Each structure stands twice: as C-alpha cells, then as structure tokens.
Amino acid sequence: MKYTEEHEWLRVEDDLVVVGITTHAAEQLGDVVFIELPDVGTMVSKDDEVVVIESVKAASDILAPIDGEIVEVNEALVDEPGKVNDDPEGDAWFFKLKIEDLSEMDDLMDEAAYKKFVG
Amino acid sequence: MDGTTELHQTPLYDLHLSLGAKMVPFAGYDMPVQYRMGVMKEHLHTRAACGLFDVSHMGQVILRPLSGDVADAALALERLVPVDVLGLKTGRQRYAMFTDEAGGMLDDLMVARWDDALFLVVNAACKDADIAHLRAALSDTCEILVQDRALIALQGPDAAAALARLVPGIETMRFMDARAFGDLWISRSGYTGEDGYEISLPAAGVHDFATRLLDMPEVAPIGLGARDSLRLEAGLCLYGHDIDTGTTPVAAGLTWAIQKTRRAGGARAGGFPGADVILAQLSDGAETARVGLRPEGRAPMREGVALFADGTGGEPIGRVTSGGFGPSVGGPVAMGYLPAPLSSPGTRVYGEVRGKRMAVDVAALPFVQQGYKR
C-alpha cells in the first residue's frame, strides 16, 4: 500500500492501481453522503479533480494521485456513500487506474511514512 | 476569527473534551461540532430518543421594568420588535426579531414573560450588538441585565421523560411555556423541530446537571453539526444565513410572528423600526420569498448556490441560504430565496453546483413532522 499527502491510498491489483481514501481522511470528512465518480475511459493527470465527495459537513475533491486512465469505478458508492466511512481502505475504493509504469508509485509514501505524516 | 483572538469557552468546555468532541470556533466560542457518534448518528438519535446541546454561547438578557410593572417592559420592547409582547401571557414565550429601519432583521430571539420581567435569548454572534441596541433604546424604561448563566437544550421524543427525572413537573408544560423551577429557568421549546426543553441554569451547576442527563441511556451529547441539520429539516431559520438585514420578516415567511395587534388596523400597529416597509409588505406581499428546496438526486446544494429558472442560460433568480444532507429525510435539503411568483411548492428551478445546473423543486417546510406538544 502507498499513500499520498492528499490522504489517498494506492494498491496494485492485476497491474492496475486501485485508489481510495485513508481511514484518517474518512474520519476527518465525517459521514459521507454523496459521491460523484469520473467516467470510465477518462485520461487523468496528477492532481486533476476526479471524484467529488460530500460529507454532512462539506464538499471535497479527490485528486488523481498519478497520471493514467480510469478503467473502472466503484459504482456501489453512488448508492451507498456511507461505505466510505465503514470500510475506507477495503470495499470503498473509488477507481482503478491504468498507468504506464508502476515504478511511478515508488515516490509515494509507504505506510510508516504516512503514519508519520498524519502524526 | 483571526488567530490572535482568544476563543471563549462555555462552562461545559471540559465536559465536551472528556466526551471526545471535535471543537471548532463558532461565534467567538470554542464549540463542539460533533462528538464520537458523528453528525449523522447524533441527528438521528435526537429524532429517535433525546439529545443534549450546549447553547451557553447564546445571549441571555433580563429586561426588568424600572416601574415594577412588566407591561412597561413589554411596551418598551415593542419599540424594537414587530411582535405583540404586551399580549404575551405570564409564563409564555414567543419568537421575535429585532428589525432595522429598512425592515431587515438585526437578529431573531425568544422572549419569555415572567411575573416581573422579560427574559430574552439572542444569538451568540449578535449578542453584543443586541445588548447595545437594547441599552440605547430601553434604558429609560428597563434595567438590562445580561446573564452569565449556562444554557442547555434537551431535545427529542424522550426529552420530557428524561428531564422529569431531575425536574418533576416539567412534563405538564406545553410548547412555548416558560417557567422557573428554583434556579432553573425552563421553556418547552428548541431548535430541532422535536419536543424538548431549553434550560437556563447557573454556570456552576451545569456540569453536574448535564452529567446526570448524559448518564441516562436515552440521552446523547449533540454537536453544532447535527444542530444545524436538525433545524434545517425543521425549516427553522439560522440568523446570518437564512435571515439578516437584507431580508424582511415577510420575505422570510415569518409573518406568523407578527400578531394582528402590530399590523395595520391593530391596537398597536407599527411603532417598530422599518414598520412602513414591513406593514406595506404585509398588505402587498414581498418580492422574494424564503422557500424549502429538495434537490433532485443526491448531491447537496449548500449555502451560496445560485438558483436559475432554466437548465441553461439566464441570470440567477435566487440563491440557497442553507443546505446540506437531511439525515431524517434521507437526501439533500435546502432553504433559499426565490421571486415570490416562483415560490409555490412543486415549482422546478435549477441550482448551479460545480458548474452544472441541477434540478431542484420548491418544497413545503418543514421537511419533517414537528413533535411539539401544543
């Protein structure tokens, strides 16, 4: 598992990068009530706003952690946005990215570094 | 708030921390926005059982008539509000608003009538200005006594049973009754749309009193986050958002708070700031109207979202003044202002969210059934 400073986690599965938000981020957001996912096939660049996530408190964006193509989205979250609070680092992944070179993930934080980052 | 200003703390500050509250600055106070349950569960718990709110940041003011006759204080206060205060019976409370010369609202408040005085509860963010306003206008008639007491609210269908364990007798009060029980000043009222009580008590005793309530299985602490979603579902205005100096009581749909005796033809018609504007609007209508809004789909429409007549093009015709997710409604809810001809329930308009026009229908307020014991 790799982590970004935007509190996303990235996990490689079948050569695709699965992206979600961390437990810490989900706790900070509070109860999630709305999620808007990108279209499959969208080409994204790092830091593009790809997911809109609204909690009872506020709206936030989830940014693309890395360049790539959105090849799958987790449609189940649209009907049950609360899954993000229940299982943020498991069932509640947002999208899967196809990226050119998996080594691009090497620059991201590992678990120990992320833990230190959130203090 | 700038970082150099020290936030005030309520007498329950330590209790909030011990309950795991997430604290945020609000109206100059460090206040709990939520506890460990989170906003959604706190909201639903209040509707299903009973929630305890710390509202000690609000202003509490006694108007004591110099003559000793509370009618003199009532008549004096009527110079500032378009409300029948004189006709308020002893032991009863009424909603009111301070108006300005343009007919806008400086604050909204509750007025309770006691045997010998009036008791006012005003918004935290406005309290300094309100107190100055009262002093400037009423010092010839009343002592204006600012109270340094705690204020808590116990809200929800189980509130009466819970509070009656500590204060026998409260269960016979009706909605908007206001009575003293020793040094507890209790009204059957609130800001959630549920049955419940607001309890003013000496600051020194509030920690113990709140703890005894929280020890009851049906009572949970509720933060400002759920307080906001509860009052929004109940269709209640938040000062500084849904009402302010730019909105009149008529546009805001608060004409029910202006009794006949203060209207044209009434025994004490007018005589409050902005009476010409407000009385004219009472007979001719206001150009805009506060409405309930139900966005189609799941996306919340929050404060500031511009409203349009059509799905594309055109200029904004109104805006959202409060909005979010309604946990009891199970979807997004909002309030805002629209031109009066477009304010009937069922009218479809469009809100612009993230550059996209989303359909939203005018809806009757409140969004949930009220639980008041009238």
# chains A, B, ... in the order shown; residues from 1 in each chain; ligands from 1
call {"tool": "closest_atom_pairs", "arguments": {"of": "chain A", "to": "chain B", "cutoff": "9 Å", "atoms": "only C-alpha atoms", "output": "tab-separated table"}}
result
residue	atom	partner	partner_atom	distance
A:Gly30	CA	B:Gly38	CA	6.7
A:Asp31	CA	B:Met40	CA	6.4
A:Val33	CA	B:Phe325	CA	6.9
A:Phe34	CA	B:Ala299	CA	5.8
A:Ile35	CA	B:Ala299	CA	7.9
A:Glu36	CA	B:Ala299	CA	8.4
A:Glu54	CA	B:Pro300	CA	7.7
A:Ser55	CA	B:Phe325	CA	8.2
A:Val56	CA	B:Phe325	CA	5.9
A:Lys57	CA	B:Gly225	CA	7.2
A:Ala58	CA	B:Gly324	CA	8.4
A:Ala59	CA	B:Pro300	CA	8.8
A:Val78	CA	B:Arg298	CA	8.7
A:Asp79	CA	B:Arg298	CA	8.9
call {"tool": "write_last_selection", "arguments": {"atoms": "N, CA, C and O atoms", "output": "JSON list (two decimals), in the first residue's frame"}}
result
[["chain", "number", "residue", "atom", "x", "y", "z"],
["A", 30, "GLY", "N", -16.01, 12.99, 8.08],
["A", 30, "GLY", "CA", -17.31, 12.73, 8.71],
["A", 30, "GLY", "C", -18.18, 11.92, 7.76],
["A", 30, "GLY", "O", -17.71, 11.41, 6.73],
["A", 31, "ASP", "N", -19.48, 11.80, 8.11],
["A", 31, "ASP", "CA", -20.38, 10.93, 7.35],
["A", 31, "ASP", "C", -20.47, 11.37, 5.89],
["A", 31, "ASP", "O", -20.91, 12.47, 5.60],
["A", 33, "VAL", "N", -22.08, 11.53, 2.29],
["A", 33, "VAL", "CA", -23.47, 11.46, 1.84],
["A", 33, "VAL", "C", -23.62, 11.51, 0.31],
["A", 33, "VAL", "O", -24.71, 11.29, -0.21],
["A", 34, "PHE", "N", -22.56, 11.83, -0.38],
["A", 34, "PHE", "CA", -22.66, 11.95, -1.84],
["A", 34, "PHE", "C", -21.31, 11.73, -2.48],
["A", 34, "PHE", "O", -20.29, 12.24, -1.99],
["A", 35, "ILE", "N", -21.32, 10.95, -3.57],
["A", 35, "ILE", "CA", -20.07, 10.73, -4.32],
["A", 35, "ILE", "C", -20.36, 10.81, -5.81],
["A", 35, "ILE", "O", -21.33, 10.23, -6.29],
["A", 36, "GLU", "N", -19.55, 11.57, -6.52],
["A", 36, "GLU", "CA", -19.64, 11.64, -7.97],
["A", 36, "GLU", "C", -18.35, 11.08, -8.54],
["A", 36, "GLU", "O", -17.26, 11.59, -8.25],
["A", 54, "GLU", "N", -18.90, 14.43, -0.85],
["A", 54, "GLU", "CA", -19.52, 15.37, 0.10],
["A", 54, "GLU", "C", -19.87, 14.64, 1.37],
["A", 54, "GLU", "O", -20.47, 13.57, 1.35],
["A", 55, "SER", "N", -19.51, 15.25, 2.46],
["A", 55, "SER", "CA", -19.90, 14.72, 3.77],
["A", 55, "SER", "C", -21.00, 15.61, 4.32],
["A", 55, "SER", "O", -21.39, 16.59, 3.70],
["A", 56, "VAL", "N", -21.52, 15.25, 5.51],
["A", 56, "VAL", "CA", -22.50, 16.12, 6.15],
["A", 56, "VAL", "C", -21.93, 17.52, 6.35],
["A", 56, "VAL", "O", -22.67, 18.48, 6.46],
["A", 57, "LYS", "N", -20.62, 17.63, 6.39],
["A", 57, "LYS", "CA", -20.02, 18.93, 6.69],
["A", 57, "LYS", "C", -19.68, 19.75, 5.44],
["A", 57, "LYS", "O", -19.91, 20.94, 5.42],
["A", 58, "ALA", "N", -19.08, 19.13, 4.43],
["A", 58, "ALA", "CA", -18.53, 19.92, 3.34],
["A", 58, "ALA", "C", -18.29, 19.07, 2.11],
["A", 58, "ALA", "O", -18.33, 17.85, 2.16],
["A", 59, "ALA", "N", -18.03, 19.77, 1.00],
["A", 59, "ALA", "CA", -17.66, 19.10, -0.24],
["A", 59, "ALA", "C", -16.15, 19.09, -0.37],
["A", 59, "ALA", "O", -15.48, 20.05, 0.00],
["A", 78, "VAL", "N", -22.04, 5.13, -5.19],
["A", 78, "VAL", "CA", -23.01, 6.17, -5.55],
["A", 78, "VAL", "C", -24.30, 5.98, -4.75],
["A", 78, "VAL", "O", -24.88, 6.93, -4.24],
["A", 79, "ASP", "N", -24.72, 4.71, -4.62],
["A", 79, "ASP", "CA", -25.95, 4.43, -3.86],
["A", 79, "ASP", "C", -25.69, 4.33, -2.36],
["A", 79, "ASP", "O", -26.59, 4.55, -1.57]]
call {"tool": "residues_around", "arguments": {"residues": "Lys98 (chain A)", "least_positions_apart": "6", "cutoff": "7 Å", "atoms": "only C-alpha atoms", "output": "number ranges by chain"}}
result
A: 16-17, 68-71
call {"tool": "write_last_selection", "arguments": {"atoms": "C-alpha atoms", "output": "PDB file, in the first residue's frame"}}
result
ATOM      1  CA  LEU A  16      -3.992  -1.720 -12.117  1.00  0.00           C
ATOM      2  CA  VAL A  17      -3.746   0.894  -9.378  1.00  0.00           C
ATOM      3  CA  GLY A  68      -3.310   7.388 -16.057  1.00  0.00           C
ATOM      4  CA  GLU A  69      -6.607   6.171 -17.473  1.00  0.00           C
ATOM      5  CA  ILE A  70      -9.685   5.473 -15.363  1.00  0.00           C
ATOM      6  CA  VAL A  71     -10.588   1.896 -16.254  1.00  0.00           C
TER       7      VAL A  71
END
call {"tool": "residues_around", "arguments": {"residues": "Lys2 (chain A)", "least_positions_apart": "6", "cutoff": "8 Å", "atoms": "only C-alpha atoms", "output": "list in words"}}
result
Trp9, Leu10, Arg11, Met105, Leu108, Met109, Asp110 and Glu111 of chain A
call {"tool": "select_by_dssp", "arguments": {"residues": "chain A", "states": "alpha helix (DSSP H)", "output": "PDB file with all heavy atoms, in the first residue's frame"}}
result
ATOM      1  N   THR A  23      -8.366   5.811   6.232  1.00  0.00           N
ATOM      2  CA  THR A  23      -9.242   5.848   7.402  1.00  0.00           C
ATOM      3  C   THR A  23      -9.167   7.217   8.071  1.00  0.00           C
ATOM      4  O   THR A  23     -10.187   7.786   8.473  1.00  0.00           O
ATOM      5  CB  THR A  23      -8.821   4.752   8.394  1.00  0.00           C
ATOM      6  OG1 THR A  23      -8.884   3.497   7.714  1.00  0.00           O
ATOM      7  CG2 THR A  23      -9.735   4.705   9.601  1.00  0.00           C
ATOM      8  N   HIS A  24      -7.945   7.744   8.142  1.00  0.00           N
ATOM      9  CA  HIS A  24      -7.758   9.080   8.726  1.00  0.00           C
ATOM     10  C   HIS A  24      -8.586  10.117   7.965  1.00  0.00           C
ATOM     11  O   HIS A  24      -9.286  10.941   8.562  1.00  0.00           O
ATOM     12  CB  HIS A  24      -6.273   9.451   8.685  1.00  0.00           C
ATOM     13  CG  HIS A  24      -5.992  10.867   9.082  1.00  0.00           C
ATOM     14  ND1 HIS A  24      -5.932  11.264  10.404  1.00  0.00           N
ATOM     15  CD2 HIS A  24      -5.790  11.981   8.343  1.00  0.00           C
ATOM     16  CE1 HIS A  24      -5.692  12.565  10.445  1.00  0.00           C
ATOM     17  NE2 HIS A  24      -5.605  13.025   9.215  1.00  0.00           N
ATOM     18  N   ALA A  25      -8.520  10.063   6.625  1.00  0.00           N
ATOM     19  CA  ALA A  25      -9.271  11.033   5.809  1.00  0.00           C
ATOM     20  C   ALA A  25     -10.769  10.859   6.015  1.00  0.00           C
ATOM     21  O   ALA A  25     -11.512  11.840   6.136  1.00  0.00           O
ATOM     22  CB  ALA A  25      -8.919  10.858   4.340  1.00  0.00           C
ATOM     23  N   ALA A  26     -11.229   9.609   6.049  1.00  0.00           N
ATOM     24  CA  ALA A  26     -12.668   9.353   6.219  1.00  0.00           C
ATOM     25  C   ALA A  26     -13.152   9.887   7.562  1.00  0.00           C
ATOM     26  O   ALA A  26     -14.243  10.459   7.663  1.00  0.00           O
ATOM     27  CB  ALA A  26     -12.956   7.861   6.095  1.00  0.00           C
ATOM     28  N   GLU A  27     -12.320   9.722   8.590  1.00  0.00           N
ATOM     29  CA  GLU A  27     -12.699  10.247   9.910  1.00  0.00           C
ATOM     30  C   GLU A  27     -12.777  11.767   9.887  1.00  0.00           C
ATOM     31  O   GLU A  27     -13.666  12.370  10.487  1.00  0.00           O
ATOM     32  CB  GLU A  27     -11.688   9.792  10.969  1.00  0.00           C
ATOM     33  CG  GLU A  27     -11.929   8.362  11.411  1.00  0.00           C
ATOM     34  CD  GLU A  27     -10.779   7.807  12.254  1.00  0.00           C
ATOM     35  OE1 GLU A  27      -9.828   8.559  12.550  1.00  0.00           O
ATOM     36  OE2 GLU A  27     -10.862   6.607  12.591  1.00  0.00           O
ATOM     37  N   GLN A  28     -11.834  12.384   9.196  1.00  0.00           N
ATOM     38  CA  GLN A  28     -11.826  13.847   9.122  1.00  0.00           C
ATOM     39  C   GLN A  28     -13.048  14.367   8.346  1.00  0.00           C
ATOM     40  O   GLN A  28     -13.617  15.389   8.707  1.00  0.00           O
ATOM     41  CB  GLN A  28     -10.542  14.354   8.453  1.00  0.00           C
ATOM     42  CG  GLN A  28      -9.283  14.097   9.263  1.00  0.00           C
ATOM     43  CD  GLN A  28      -9.325  14.778  10.627  1.00  0.00           C
ATOM     44  OE1 GLN A  28      -9.625  15.956  10.727  1.00  0.00           O
ATOM     45  NE2 GLN A  28      -9.036  14.028  11.668  1.00  0.00           N
ATOM     46  N   LEU A  29     -13.428  13.654   7.295  1.00  0.00           N
ATOM     47  CA  LEU A  29     -14.570  14.095   6.480  1.00  0.00           C
ATOM     48  C   LEU A  29     -15.877  14.007   7.245  1.00  0.00           C
ATOM     49  O   LEU A  29     -16.763  14.820   7.067  1.00  0.00           O
ATOM     50  CB  LEU A  29     -14.695  13.217   5.228  1.00  0.00           C
ATOM     51  CG  LEU A  29     -13.749  13.512   4.080  1.00  0.00           C
ATOM     52  CD1 LEU A  29     -13.844  12.401   3.041  1.00  0.00           C
ATOM     53  CD2 LEU A  29     -14.082  14.853   3.440  1.00  0.00           C
ATOM     54  N   ALA A  76     -20.947   1.114  -6.657  1.00  0.00           N
ATOM     55  CA  ALA A  76     -21.705   0.831  -5.427  1.00  0.00           C
ATOM     56  C   ALA A  76     -21.676   2.028  -4.467  1.00  0.00           C
ATOM     57  O   ALA A  76     -22.592   2.217  -3.662  1.00  0.00           O
ATOM     58  CB  ALA A  76     -21.144  -0.402  -4.737  1.00  0.00           C
ATOM     59  N   LEU A  77     -20.634   2.857  -4.575  1.00  0.00           N
ATOM     60  CA  LEU A  77     -20.518   4.006  -3.662  1.00  0.00           C
ATOM     61  C   LEU A  77     -21.569   5.074  -3.956  1.00  0.00           C
ATOM     62  O   LEU A  77     -21.920   5.862  -3.079  1.00  0.00           O
ATOM     63  CB  LEU A  77     -19.134   4.638  -3.780  1.00  0.00           C
ATOM     64  CG  LEU A  77     -17.936   3.783  -3.356  1.00  0.00           C
ATOM     65  CD1 LEU A  77     -16.668   4.619  -3.441  1.00  0.00           C
ATOM     66  CD2 LEU A  77     -18.123   3.246  -1.950  1.00  0.00           C
ATOM     67  N   VAL A  78     -22.043   5.132  -5.185  1.00  0.00           N
ATOM     68  CA  VAL A  78     -23.010   6.168  -5.551  1.00  0.00           C
ATOM     69  C   VAL A  78     -24.300   5.977  -4.752  1.00  0.00           C
ATOM     70  O   VAL A  78     -24.878   6.932  -4.242  1.00  0.00           O
ATOM     71  CB  VAL A  78     -23.283   6.138  -7.075  1.00  0.00           C
ATOM     72  CG1 VAL A  78     -24.391   7.116  -7.443  1.00  0.00           C
ATOM     73  CG2 VAL A  78     -21.998   6.474  -7.829  1.00  0.00           C
ATOM     74  N   ASP A  79     -24.723   4.712  -4.622  1.00  0.00           N
ATOM     75  CA  ASP A  79     -25.946   4.434  -3.859  1.00  0.00           C
ATOM     76  C   ASP A  79     -25.693   4.327  -2.364  1.00  0.00           C
ATOM     77  O   ASP A  79     -26.594   4.553  -1.570  1.00  0.00           O
ATOM     78  CB  ASP A  79     -26.588   3.130  -4.356  1.00  0.00           C
ATOM     79  CG  ASP A  79     -27.144   3.283  -5.759  1.00  0.00           C
ATOM     80  OD1 ASP A  79     -27.630   4.396  -6.068  1.00  0.00           O
ATOM     81  OD2 ASP A  79     -27.065   2.326  -6.542  1.00  0.00           O
ATOM     82  N   LYS A  83     -20.435   3.779   2.784  1.00  0.00           N
ATOM     83  CA  LYS A  83     -19.391   2.744   2.786  1.00  0.00           C
ATOM     84  C   LYS A  83     -17.997   3.335   2.998  1.00  0.00           C
ATOM     85  O   LYS A  83     -17.107   2.655   3.498  1.00  0.00           O
ATOM     86  CB  LYS A  83     -19.388   2.007   1.439  1.00  0.00           C
ATOM     87  CG  LYS A  83     -20.440   0.932   1.306  1.00  0.00           C
ATOM     88  CD  LYS A  83     -20.229   0.183  -0.002  1.00  0.00           C
ATOM     89  CE  LYS A  83     -21.090  -1.080  -0.028  1.00  0.00           C
ATOM     90  NZ  LYS A  83     -20.707  -1.955  -1.126  1.00  0.00           N
ATOM     91  N   VAL A  84     -17.847   4.592   2.571  1.00  0.00           N
ATOM     92  CA  VAL A  84     -16.532   5.236   2.723  1.00  0.00           C
ATOM     93  C   VAL A  84     -16.176   5.366   4.203  1.00  0.00           C
ATOM     94  O   VAL A  84     -15.006   5.291   4.575  1.00  0.00           O
ATOM     95  CB  VAL A  84     -16.519   6.620   2.026  1.00  0.00           C
ATOM     96  CG1 VAL A  84     -15.217   7.358   2.288  1.00  0.00           C
ATOM     97  CG2 VAL A  84     -16.749   6.446   0.532  1.00  0.00           C
ATOM     98  N   ASN A  85     -17.175   5.529   5.049  1.00  0.00           N
ATOM     99  CA  ASN A  85     -16.912   5.592   6.488  1.00  0.00           C
ATOM    100  C   ASN A  85     -16.764   4.200   7.093  1.00  0.00           C
ATOM    101  O   ASN A  85     -16.011   4.007   8.038  1.00  0.00           O
ATOM    102  CB  ASN A  85     -18.034   6.338   7.209  1.00  0.00           C
ATOM    103  CG  ASN A  85     -18.188   7.759   6.699  1.00  0.00           C
ATOM    104  OD1 ASN A  85     -19.133   8.064   5.993  1.00  0.00           O
ATOM    105  ND2 ASN A  85     -17.239   8.617   7.030  1.00  0.00           N
ATOM    106  N   ASP A  86     -17.495   3.234   6.518  1.00  0.00           N
ATOM    107  CA  ASP A  86     -17.494   1.886   7.100  1.00  0.00           C
ATOM    108  C   ASP A  86     -16.212   1.127   6.782  1.00  0.00           C
ATOM    109  O   ASP A  86     -15.703   0.383   7.620  1.00  0.00           O
ATOM    110  CB  ASP A  86     -18.693   1.077   6.561  1.00  0.00           C
ATOM    111  CG  ASP A  86     -20.022   1.711   6.942  1.00  0.00           C
ATOM    112  OD1 ASP A  86     -20.042   2.466   7.935  1.00  0.00           O
ATOM    113  OD2 ASP A  86     -21.019   1.461   6.245  1.00  0.00           O
ATOM    114  N   GLU A 111       3.575   2.969   4.337  1.00  0.00           N
ATOM    115  CA  GLU A 111       2.693   3.087   5.496  1.00  0.00           C
ATOM    116  C   GLU A 111       3.346   3.825   6.664  1.00  0.00           C
ATOM    117  O   GLU A 111       2.735   4.688   7.294  1.00  0.00           O
ATOM    118  CB  GLU A 111       2.210   1.702   5.944  1.00  0.00           C
ATOM    119  CG  GLU A 111       1.122   1.807   6.995  1.00  0.00           C
ATOM    120  CD  GLU A 111       0.523   0.463   7.383  1.00  0.00           C
ATOM    121  OE1 GLU A 111       0.887  -0.559   6.765  1.00  0.00           O
ATOM    122  OE2 GLU A 111      -0.301   0.449   8.315  1.00  0.00           O
ATOM    123  N   ALA A 112       4.612   3.489   6.896  1.00  0.00           N
ATOM    124  CA  ALA A 112       5.319   4.120   8.025  1.00  0.00           C
ATOM    125  C   ALA A 112       5.438   5.626   7.820  1.00  0.00           C
ATOM    126  O   ALA A 112       5.211   6.420   8.729  1.00  0.00           O
ATOM    127  CB  ALA A 112       6.703   3.490   8.191  1.00  0.00           C
ATOM    128  N   ALA A 113       5.774   6.010   6.553  1.00  0.00           N
ATOM    129  CA  ALA A 113       5.936   7.436   6.249  1.00  0.00           C
ATOM    130  C   ALA A 113       4.588   8.160   6.382  1.00  0.00           C
ATOM    131  O   ALA A 113       4.523   9.286   6.879  1.00  0.00           O
ATOM    132  CB  ALA A 113       6.504   7.609   4.848  1.00  0.00           C
ATOM    133  N   TYR A 114       3.501   7.486   5.932  1.00  0.00           N
ATOM    134  CA  TYR A 114       2.179   8.133   6.025  1.00  0.00           C
ATOM    135  C   TYR A 114       1.770   8.321   7.477  1.00  0.00           C
ATOM    136  O   TYR A 114       1.257   9.368   7.857  1.00  0.00           O
ATOM    137  CB  TYR A 114       1.126   7.314   5.271  1.00  0.00           C
ATOM    138  CG  TYR A 114      -0.254   7.947   5.363  1.00  0.00           C
ATOM    139  CD1 TYR A 114      -0.541   9.141   4.696  1.00  0.00           C
ATOM    140  CD2 TYR A 114      -1.259   7.366   6.139  1.00  0.00           C
ATOM    141  CE1 TYR A 114      -1.790   9.733   4.813  1.00  0.00           C
ATOM    142  CE2 TYR A 114      -2.510   7.960   6.247  1.00  0.00           C
ATOM    143  CZ  TYR A 114      -2.770   9.143   5.601  1.00  0.00           C
ATOM    144  OH  TYR A 114      -4.005   9.735   5.714  1.00  0.00           O
ATOM    145  N   LYS A 115       2.025   7.288   8.284  1.00  0.00           N
ATOM    146  CA  LYS A 115       1.681   7.385   9.709  1.00  0.00           C
ATOM    147  C   LYS A 115       2.386   8.568  10.347  1.00  0.00           C
ATOM    148  O   LYS A 115       1.810   9.300  11.148  1.00  0.00           O
ATOM    149  CB  LYS A 115       2.048   6.091  10.443  1.00  0.00           C
ATOM    150  CG  LYS A 115       0.943   5.052  10.327  1.00  0.00           C
ATOM    151  CD  LYS A 115       1.133   3.926  11.316  1.00  0.00           C
ATOM    152  CE  LYS A 115      -0.088   3.017  11.334  1.00  0.00           C
ATOM    153  NZ  LYS A 115       0.274   1.626  11.601  1.00  0.00           N
ATOM    154  N   LYS A 116       3.626   8.748   9.973  1.00  0.00           N
ATOM    155  CA  LYS A 116       4.406   9.871  10.494  1.00  0.00           C
ATOM    156  C   LYS A 116       3.808  11.196   9.980  1.00  0.00           C
ATOM    157  O   LYS A 116       3.697  12.169  10.716  1.00  0.00           O
ATOM    158  CB  LYS A 116       5.862   9.719  10.032  1.00  0.00           C
ATOM    159  CG  LYS A 116       6.858  10.426  10.918  1.00  0.00           C
ATOM    160  CD  LYS A 116       8.273  10.056  10.513  1.00  0.00           C
ATOM    161  CE  LYS A 116       9.236  11.108  11.021  1.00  0.00           C
ATOM    162  NZ  LYS A 116      10.566  10.994  10.412  1.00  0.00           N
ATOM    163  N   PHE A 117       3.392  11.180   8.718  1.00  0.00           N
ATOM    164  CA  PHE A 117       2.840  12.385   8.067  1.00  0.00           C
ATOM    165  C   PHE A 117       1.574  12.863   8.784  1.00  0.00           C
ATOM    166  O   PHE A 117       1.406  14.055   9.005  1.00  0.00           O
ATOM    167  CB  PHE A 117       2.529  12.041   6.589  1.00  0.00           C
ATOM    168  CG  PHE A 117       1.842  13.154   5.845  1.00  0.00           C
ATOM    169  CD1 PHE A 117       2.514  14.334   5.515  1.00  0.00           C
ATOM    170  CD2 PHE A 117       0.512  13.022   5.445  1.00  0.00           C
ATOM    171  CE1 PHE A 117       1.870  15.352   4.822  1.00  0.00           C
ATOM    172  CE2 PHE A 117      -0.134  14.038   4.753  1.00  0.00           C
ATOM    173  CZ  PHE A 117       0.554  15.196   4.445  1.00  0.00           C
ATOM    174  N   VAL A 118       0.702  11.919   9.154  1.00  0.00           N
ATOM    175  CA  VAL A 118      -0.536  12.351   9.827  1.00  0.00           C
ATOM    176  C   VAL A 118      -0.325  12.536  11.323  1.00  0.00           C
ATOM    177  O   VAL A 118      -1.202  13.045  12.024  1.00  0.00           O
ATOM    178  CB  VAL A 118      -1.729  11.388   9.582  1.00  0.00           C
ATOM    179  CG1 VAL A 118      -2.094  11.351   8.120  1.00  0.00           C
ATOM    180  CG2 VAL A 118      -1.450   9.992  10.104  1.00  0.00           C
TER     181      VAL A 118
END
call {"tool": "atom_distance", "arguments": {"atom1": "CA of Val81 (chain B)", "atom2": "CA of Ala129 (chain B)"}}
result
15.1 Å
call {"tool": "closest_residue", "arguments": {"among": "A:Glu100, A:Asp67, A:Asp87, A:Asp15", "to": "Asp47 (chain A)", "atoms": "only C-alpha atoms"}}
result
A:Asp67
call {"tool": "select_by_dssp", "arguments": {"residues": "chain A", "states": "strand (DSSP E)", "output": "PyMOL selection string"}}
result
chain A and resi 2-3+8-13+16-21+32-36+43-44+49-55+59-63+68-73+95-98
call {"tool": "atom_distance", "arguments": {"atom1": "CA of Ile62 (chain A)", "atom2": "CA of Arg227 (chain B)"}}
result
27.8 Å
call {"tool": "closest_residue", "arguments": {"among": "B:Gly169, B:Pro82, B:Gly20, B:Pro221", "to": "Arg262 (chain B)", "atoms": "only C-alpha atoms"}}
result
B:Pro82
call {"tool": "closest_residue", "arguments": {"among": "A:Glu104, A:Val32, A:Gly82, A:Lys96", "to": "Val19 (chain A)", "atoms": "only C-alpha atoms"}}
result
A:Lys96
call {"tool": "closest_residue", "arguments": {"among": "A:Gly41, A:Val51, A:Thr22, A:Glu75", "to": "Glu5 (chain A)", "atoms": "only C-alpha atoms"}}
result
A:Thr22
call {"tool": "atom_distance", "arguments": {"atom1": "CA of Leu44 (chain B)", "atom2": "CA of Arg294 (chain B)"}}
result
19.4 Å
call {"tool": "residues_around", "arguments": {"residues": "Val24 (chain B)", "least_positions_apart": "3", "cutoff": "10 Å", "atoms": "only C-alpha atoms", "output": "PyMOL selection string"}}
result
chain B and resi 7+21+27-34+224
call {"tool": "residues_around", "arguments": {"residues": "region 317-323 of chain B", "least_positions_apart": "4", "cutoff": "7 Å", "atoms": "only C-alpha atoms", "output": "ChimeraX atom specification"}}
result
/B:241-242,300-309,333-339
call {"tool": "residues_around", "arguments": {"residues": "region 103-114 of chain B", "least_positions_apart": "5", "cutoff": "6 Å", "atoms": "only C-alpha atoms", "output": "list in words"}}
result
Thr90, Gly91, Arg92, Gln93, Arg94, Tyr95, Ala96, Met97, Phe98, Phe119, Leu120, Val121, Val122, Asp244, Thr245, Gly246, Thr247, Thr248, Gly274, Val277 and Ile278 of chain B
call {"tool": "closest_residue", "arguments": {"among": "B:Arg174, B:Arg36, B:Arg348, B:His16", "to": "Ala363 (chain B)", "atoms": "only C-alpha atoms"}}
result
B:Arg348
call {"tool": "decode", "arguments": {"residues": "region 76-84 of chain A", "atoms": "N, CA, C and O atoms", "output": "compact mmCIF listing (two decimals), in the first residue's frame"}}
result
# COMPACT_ATOMS: atom_id res chain seq x y z
N ALA A 76 -20.95 1.11 -6.66
CA ALA A 76 -21.71 0.83 -5.43
C ALA A 76 -21.68 2.03 -4.47
O ALA A 76 -22.59 2.22 -3.66
N LEU A 77 -20.63 2.86 -4.57
CA LEU A 77 -20.52 4.01 -3.66
C LEU A 77 -21.57 5.07 -3.96
O LEU A 77 -21.92 5.86 -3.08
N VAL A 78 -22.04 5.13 -5.19
CA VAL A 78 -23.01 6.17 -5.55
C VAL A 78 -24.30 5.98 -4.75
O VAL A 78 -24.88 6.93 -4.24
N ASP A 79 -24.72 4.71 -4.62
CA ASP A 79 -25.95 4.43 -3.86
C ASP A 79 -25.69 4.33 -2.36
O ASP A 79 -26.59 4.55 -1.57
N GLU A 80 -24.48 3.95 -2.00
CA GLU A 80 -24.17 3.80 -0.57
C GLU A 80 -22.88 4.55 -0.22
O GLU A 80 -21.86 3.93 0.10
N PRO A 81 -22.95 5.87 -0.25
CA PRO A 81 -21.74 6.66 0.04
C PRO A 81 -21.19 6.40 1.45
O PRO A 81 -19.99 6.57 1.68
N GLY A 82 -22.05 5.96 2.37
CA GLY A 82 -21.62 5.70 3.74
C GLY A 82 -20.58 4.59 3.85
O GLY A 82 -19.90 4.47 4.87
N LYS A 83 -20.44 3.78 2.78
CA LYS A 83 -19.39 2.74 2.79
C LYS A 83 -18.00 3.34 3.00
O LYS A 83 -17.11 2.66 3.50
N VAL A 84 -17.85 4.59 2.57
CA VAL A 84 -16.53 5.24 2.72
C VAL A 84 -16.18 5.37 4.20
O VAL A 84 -15.01 5.29 4.58
